[in-house]
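Printed here is entry-v4.tsv (TSV, C-alpha atoms and all ligand atoms):
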```tsv
chain	number	residue	atom	x	y	z
A	1347	MET	CA	-5.09	-160.26	76.20
A	1348	SER	CA	-1.39	-160.15	75.57
A	1349	GLU	CA	0.53	-157.06	76.51
A	1350	PRO	CA	3.04	-155.69	74.03
A	1351	ALA	CA	6.71	-156.27	74.71
A	1352	LEU	CA	8.19	-152.81	74.98
A	1353	ARG	CA	11.82	-152.21	75.63
A	1354	ALA	CA	12.78	-149.97	78.51
A	1355	SER	CA	16.10	-148.24	78.33
A	1356	ARG	CA	17.89	-146.81	81.29
A	1357	MET	CA	18.56	-143.10	80.94
A	1358	GLY	CA	21.77	-141.51	82.19
A	1359	THR	CA	20.82	-139.38	85.14
A	1360	PRO	CA	19.26	-139.47	87.62
A	1361	PRO	CA	19.50	-143.21	88.33
A	1362	SER	CA	16.29	-145.24	88.15
A	1363	THR	CA	15.13	-143.13	85.23
A	1364	TYR	CA	13.84	-145.14	82.29
A	1365	ALA	CA	12.36	-144.42	78.92
A	1366	ILE	CA	9.90	-146.65	77.10
A	1367	ARG	CA	8.85	-146.13	73.49
A	1368	THR	CA	5.34	-146.95	72.39
A	1369	ALA	CA	4.33	-147.29	68.76
A	1370	THR	CA	0.57	-146.84	69.18
A	1371	SER	CA	-1.91	-145.28	71.55
A	1372	GLU	CA	-2.99	-148.81	72.54
A	1373	GLN	CA	0.55	-149.52	73.72
A	1374	THR	CA	0.56	-146.32	75.74
A	1375	GLU	CA	-2.77	-147.23	77.31
A	1376	SER	CA	-1.48	-150.71	78.09
A	1377	LEU	CA	1.63	-149.25	79.70
A	1378	GLY	CA	-0.69	-147.07	81.77
A	1379	ARG	CA	-2.61	-150.18	82.84
A	1380	ARG	CA	0.56	-151.80	84.06
A	1381	LEU	CA	1.45	-148.68	85.99
A	1382	GLY	CA	-2.08	-148.49	87.40
A	1383	HIS	CA	-1.73	-152.03	88.79
A	1384	LEU	CA	1.21	-150.88	90.89
A	1385	LEU	CA	-0.48	-147.88	92.48
A	1386	ARG	CA	-2.27	-147.39	95.76
A	1387	SER	CA	-4.13	-144.61	97.47
A	1388	GLY	CA	-1.93	-141.58	98.10
A	1389	ASP	CA	0.25	-141.99	95.02
A	1390	VAL	CA	0.89	-138.97	92.81
A	1391	ILE	CA	1.68	-139.22	89.09
A	1392	ALA	CA	2.81	-135.96	87.42
A	1393	LEU	CA	2.54	-135.93	83.62
A	1394	SER	CA	4.27	-133.51	81.32
A	1395	GLY	CA	4.33	-133.30	77.54
A	1396	ASP	CA	2.89	-131.25	74.69
A	1397	LEU	CA	-0.69	-131.22	73.55
A	1398	GLY	CA	-1.52	-134.54	71.91
A	1399	ALA	CA	1.48	-136.35	73.40
A	1400	GLY	CA	-0.69	-138.96	75.09
A	1401	LYS	CA	-1.13	-137.85	78.71
A	1402	THR	CA	-4.86	-138.48	78.69
A	1403	VAL	CA	-4.41	-141.84	76.96
A	1404	LEU	CA	-1.88	-142.90	79.61
A	1405	THR	CA	-4.21	-141.72	82.39
A	1406	ARG	CA	-7.07	-143.79	80.97
A	1407	GLY	CA	-4.81	-146.84	81.15
A	1408	ILE	CA	-3.76	-146.00	84.71
A	1409	ALA	CA	-7.41	-145.88	85.77
A	1410	GLN	CA	-8.11	-149.24	84.12
A	1411	GLY	CA	-5.09	-150.81	85.79
A	1412	ALA	CA	-6.23	-149.53	89.16
A	1413	GLY	CA	-9.65	-151.06	88.57
A	1414	ALA	CA	-11.35	-147.68	88.43
A	1415	ALA	CA	-14.15	-146.97	85.98
A	1416	GLY	CA	-16.66	-144.33	85.03
A	1417	TYR	CA	-15.48	-140.83	84.37
A	1418	PHE	CA	-17.27	-137.89	85.85
A	1419	ALA	CA	-16.66	-134.27	86.75
A	1420	SER	CA	-15.60	-133.90	90.37
A	1421	PRO	CA	-18.45	-132.45	92.38
A	1422	THR	CA	-15.88	-130.60	94.48
A	1423	PHE	CA	-12.99	-129.51	92.31
A	1424	THR	CA	-12.78	-127.54	89.10
A	1425	LEU	CA	-10.32	-129.01	86.56
A	1426	VAL	CA	-10.73	-132.47	88.11
A	1427	ARG	CA	-12.47	-135.50	86.72
A	1428	GLU	CA	-12.66	-138.74	88.64
A	1429	TYR	CA	-12.64	-142.44	87.96
A	1430	SER	CA	-14.08	-144.43	90.87
A	1431	GLY	CA	-13.09	-147.90	92.06
A	1432	PRO	CA	-11.26	-149.72	94.83
A	1433	VAL	CA	-8.59	-147.10	94.24
A	1434	SER	CA	-10.15	-143.97	92.82
A	1435	ILE	CA	-8.28	-141.74	90.40
A	1436	ALA	CA	-8.44	-137.94	90.49
A	1437	HIS	CA	-7.47	-136.75	87.03
A	1438	VAL	CA	-6.33	-133.14	87.25
A	1439	ASP	CA	-5.94	-131.41	83.90
A	1440	LEU	CA	-4.17	-128.07	84.23
A	1441	TYR	CA	-4.23	-127.25	80.52
A	1442	ARG	CA	-6.41	-124.23	81.15
A	1443	LEU	CA	-4.52	-123.00	84.17
A	1444	ASP	CA	-2.59	-119.88	83.21
A	1445	ALA	CA	-1.26	-118.44	86.45
A	1446	PRO	CA	0.27	-120.52	89.25
A	1447	ARG	CA	-1.66	-118.51	91.84
A	1448	GLN	CA	-4.88	-119.82	90.33
A	1449	ILE	CA	-3.87	-123.11	91.90
A	1450	GLU	CA	-5.29	-121.90	95.19
A	1451	ASP	CA	-8.61	-121.40	93.47
A	1452	ILE	CA	-8.70	-125.00	92.33
A	1453	GLY	CA	-7.79	-126.28	95.82
A	1454	PHE	CA	-4.73	-128.25	94.80
A	1455	ASP	CA	-3.66	-129.03	98.38
A	1456	GLU	CA	-7.09	-130.47	99.11
A	1457	ILE	CA	-6.88	-132.57	95.96
A	1458	LEU	CA	-3.58	-134.04	97.15
A	1459	GLU	CA	-5.10	-134.87	100.54
A	1460	ARG	CA	-8.03	-136.84	99.23
A	1461	ASP	CA	-8.10	-140.65	99.11
A	1462	GLY	CA	-6.99	-142.33	95.94
A	1463	VAL	CA	-4.39	-141.73	93.27
A	1464	VAL	CA	-3.84	-138.26	91.84
A	1465	VAL	CA	-2.76	-137.96	88.19
A	1466	ILE	CA	-1.86	-134.46	87.01
A	1467	GLU	CA	-1.61	-133.37	83.38
A	1468	TRP	CA	0.57	-130.31	82.67
A	1469	ALA	CA	2.26	-130.86	86.02
A	1470	GLU	CA	5.10	-128.55	84.96
A	1471	LYS	CA	2.72	-125.67	85.70
A	1472	ILE	CA	2.67	-126.53	89.39
A	1473	ARG	CA	5.90	-128.43	89.88
A	1474	SER	CA	6.90	-126.44	92.96
A	1475	MET	CA	3.60	-127.34	94.62
A	1476	LEU	CA	4.02	-131.10	94.31
A	1477	PRO	CA	4.72	-133.16	97.42
A	1478	SER	CA	8.31	-134.29	98.00
A	1479	ALA	CA	7.74	-137.70	96.43
A	1480	TYR	CA	5.96	-138.39	93.14
A	1481	LEU	CA	6.46	-140.07	89.79
A	1482	TRP	CA	7.39	-137.56	87.10
A	1483	VAL	CA	6.50	-138.78	83.61
A	1484	GLU	CA	7.50	-137.00	80.41
A	1485	ILE	CA	5.94	-137.95	77.10
A	1486	ARG	CA	7.68	-136.82	73.93
A	1487	PHE	CA	6.96	-137.11	70.25
A	1488	THR	CA	9.66	-138.83	68.21
A	1489	ASP	CA	10.42	-138.51	64.51
A	1490	ARG	CA	8.17	-141.51	63.81
A	1491	GLU	CA	4.47	-141.00	63.42
A	1492	ASN	CA	2.51	-142.40	66.40
A	1493	GLU	CA	5.67	-143.23	68.31
A	1494	ARG	CA	6.15	-141.70	71.76
A	1495	GLU	CA	9.01	-141.78	74.20
A	1496	ILE	CA	7.72	-141.98	77.76
A	1497	ALA	CA	10.30	-141.21	80.44
A	1498	PHE	CA	9.76	-142.23	84.06
A	1499	ILE	CA	11.67	-140.04	86.48
A	1500	PRO	CA	10.87	-141.12	90.04
A	1501	GLN	CA	11.21	-138.74	92.97
A	1502	GLY	CA	11.52	-140.68	96.23
A	1503	SER	CA	12.00	-144.35	97.11
A	1504	ARG	CA	8.37	-145.39	96.66
A	1505	TYR	CA	8.43	-144.17	93.04
A	1506	ILE	CA	11.83	-145.69	92.35
A	1507	ALA	CA	10.33	-149.05	93.41
A	1508	ILE	CA	7.27	-148.50	91.21
A	1509	THR	CA	9.45	-147.59	88.23
A	1510	GLU	CA	11.71	-150.61	88.72
A	1511	ALA	CA	8.65	-152.88	88.93
A	1512	LEU	CA	7.15	-151.30	85.82
A	1513	VAL	CA	10.35	-151.78	83.89
A	1514	LYS	CA	10.63	-155.39	85.04
A	1515	ALA	CA	7.06	-156.08	83.99
A	1516	ASP	CA	8.03	-154.50	80.72
A	1517	ALA	CA	10.94	-156.88	80.20
A	1518	HIS	CA	8.72	-159.86	81.04
A	1519	PRO	CA	5.30	-159.03	79.70
A	1520	ARG	CA	2.42	-160.95	81.26
A	1521	HIS	CA	0.08	-162.87	79.00
B	1601	LIG	N1	2.04	-143.89	70.86
B	1601	LIG	C1	0.97	-143.13	71.19
B	1601	LIG	N2	0.66	-142.94	72.48
B	1601	LIG	C2	-0.37	-142.16	72.83
B	1601	LIG	N3	-1.18	-141.51	71.98
B	1601	LIG	C3	-0.92	-141.67	70.67
B	1601	LIG	C4	0.16	-142.49	70.22
B	1601	LIG	N4	0.18	-142.46	68.86
B	1601	LIG	C5	-0.83	-141.67	68.50
B	1601	LIG	N5	-1.51	-141.20	69.56
B	1601	LIG	C6	-2.67	-140.28	69.51
B	1601	LIG	O1	-2.26	-139.04	70.09
B	1601	LIG	C7	-3.35	-138.47	70.78
B	1601	LIG	C8	-2.98	-138.28	72.25
B	1601	LIG	O2	-4.03	-137.56	72.84
B	1601	LIG	P1	-4.09	-137.21	74.38
B	1601	LIG	O3	-3.81	-138.41	75.21
B	1601	LIG	O4	-5.41	-136.53	74.59
B	1601	LIG	O5	-2.90	-136.16	74.51
B	1601	LIG	P2	-2.59	-135.15	75.71
B	1601	LIG	O6	-3.50	-135.52	76.83
B	1601	LIG	O7	-1.15	-135.36	76.03
B	1601	LIG	O8	-2.85	-133.78	75.16
B	1601	LIG	C9	-4.54	-139.41	70.61
B	1601	LIG	O9	-5.30	-138.95	69.52
B	1601	LIG	C10	-3.87	-140.74	70.30
B	1601	LIG	O10	-4.70	-141.58	69.53
B	1602	MG	MG	-4.93	-134.36	77.90
```

Representation of the structure as structure tokens:
Amino acid sequence: MSEPALRASRMGTPPSTYAIRTATSEQTESLGRRLGHLLRSGDVIALSGDLGAGKTVLTRGIAQGAGAAGYFASPTFTLVREYSGPVSIAHVDLYRLDAPRQIEDIGFDEILERDGVVVIEWAEKIRSMLPSAYLWVEIRFTDRENEREIAFIPQGSRYIAITEALVKADAHPRH
């Protein structure tokens, strides 16, 4: 299957920040797949963006790219669903979280310590509780229907490398 050629543009500050526009949900999912390919256990992806922006679509792609499948409620953690595979994905959706102190109730520290990749929707609600390094991703609506601008804002050298690799893959799509 051929991947769409999406153009990544470098954003001003901080360096190594890029934005990619997608025209369809399939393109967003495909971008997620490419990101998922680059991830390994221990990685943290923090997603921010309004309801319906495409965070869940991107996460589905990430899981596919990491070779993870199935989708089931975590037996251990509220607000977490998991995809299992060689690299498992914990999908944390904080949409229903209203007070930061509730984070203790959901065991966020324990979620971060588990094996696999952790993807967090509505990460802005717990930004101060994130580890020192993570990939911050912001998805915005544009003035075109179905178009999204997806900004990758890496925190830490590992995520700068991932972002650079993602952007390179973007410039030279694999077929
Ligand atoms: N370019 C796009 N990228 C992602 N989703 C899109 C795009 N264009 C339209 N959509 C639609 O927007 C919705 C995004 O839903 P979802 O991923 O659940 O949002 P969120 O998790 O951010 O609330 C889906 O219905 C999807 O089909
Ligand atoms: Mg969602």

Nearby residues (only C-alpha atoms) at most 12 Å from Val1433 (chain A), same-chain spacing under 6 positions excluded, as a PyMOL selection string
chain A and resi 1382-1389+1408-1415+1460-1464

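Taking all atoms listed in the file into account, the residues that come within 7 Å of ligand MG 1602 (chain B) are A:Leu1397, A:Gly1398, A:Gly1400, A:Lys1401, A:Thr1402, A:Asp1439, A:Glu1467.
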
Let's have the selection written as an mmCIF file, in the coordinates of the input, with C-alpha atoms.
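The resulting file, result_6.cif, is reproduced below:
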```cif
data_model
loop_
_atom_site.group_PDB
_atom_site.id
_atom_site.type_symbol
_atom_site.label_atom_id
_atom_site.label_comp_id
_atom_site.auth_asym_id
_atom_site.auth_seq_id
_atom_site.Cartn_x
_atom_site.Cartn_y
_atom_site.Cartn_z
ATOM 1 C CA LEU A 1397 -0.690 -131.220 73.550
ATOM 2 C CA GLY A 1398 -1.520 -134.540 71.910
ATOM 3 C CA GLY A 1400 -0.690 -138.960 75.090
ATOM 4 C CA LYS A 1401 -1.130 -137.850 78.710
ATOM 5 C CA THR A 1402 -4.860 -138.480 78.690
ATOM 6 C CA ASP A 1439 -5.940 -131.410 83.900
ATOM 7 C CA GLU A 1467 -1.610 -133.370 83.380
#
```

Exercise for the section: Using CA of Leu1404 (chain A) and CA of Ala1436 (chain A) as the two end points, give the distance in Å to one decimal. Expected result: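 Interatomic distance here is 13.6 Å.
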
Exercise for the section: Report the distance between CA of Arg1473 (chain A) and atom C5 of ligand LIG 1601 (chain B) in Å, rounded to one decimal place. Expected result: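 A separation of 26.0 Å between them.
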
Pairwise distance, CA of Ala1507 (chain A) with CA of Thr1363 (chain A), equals 11.2 Å
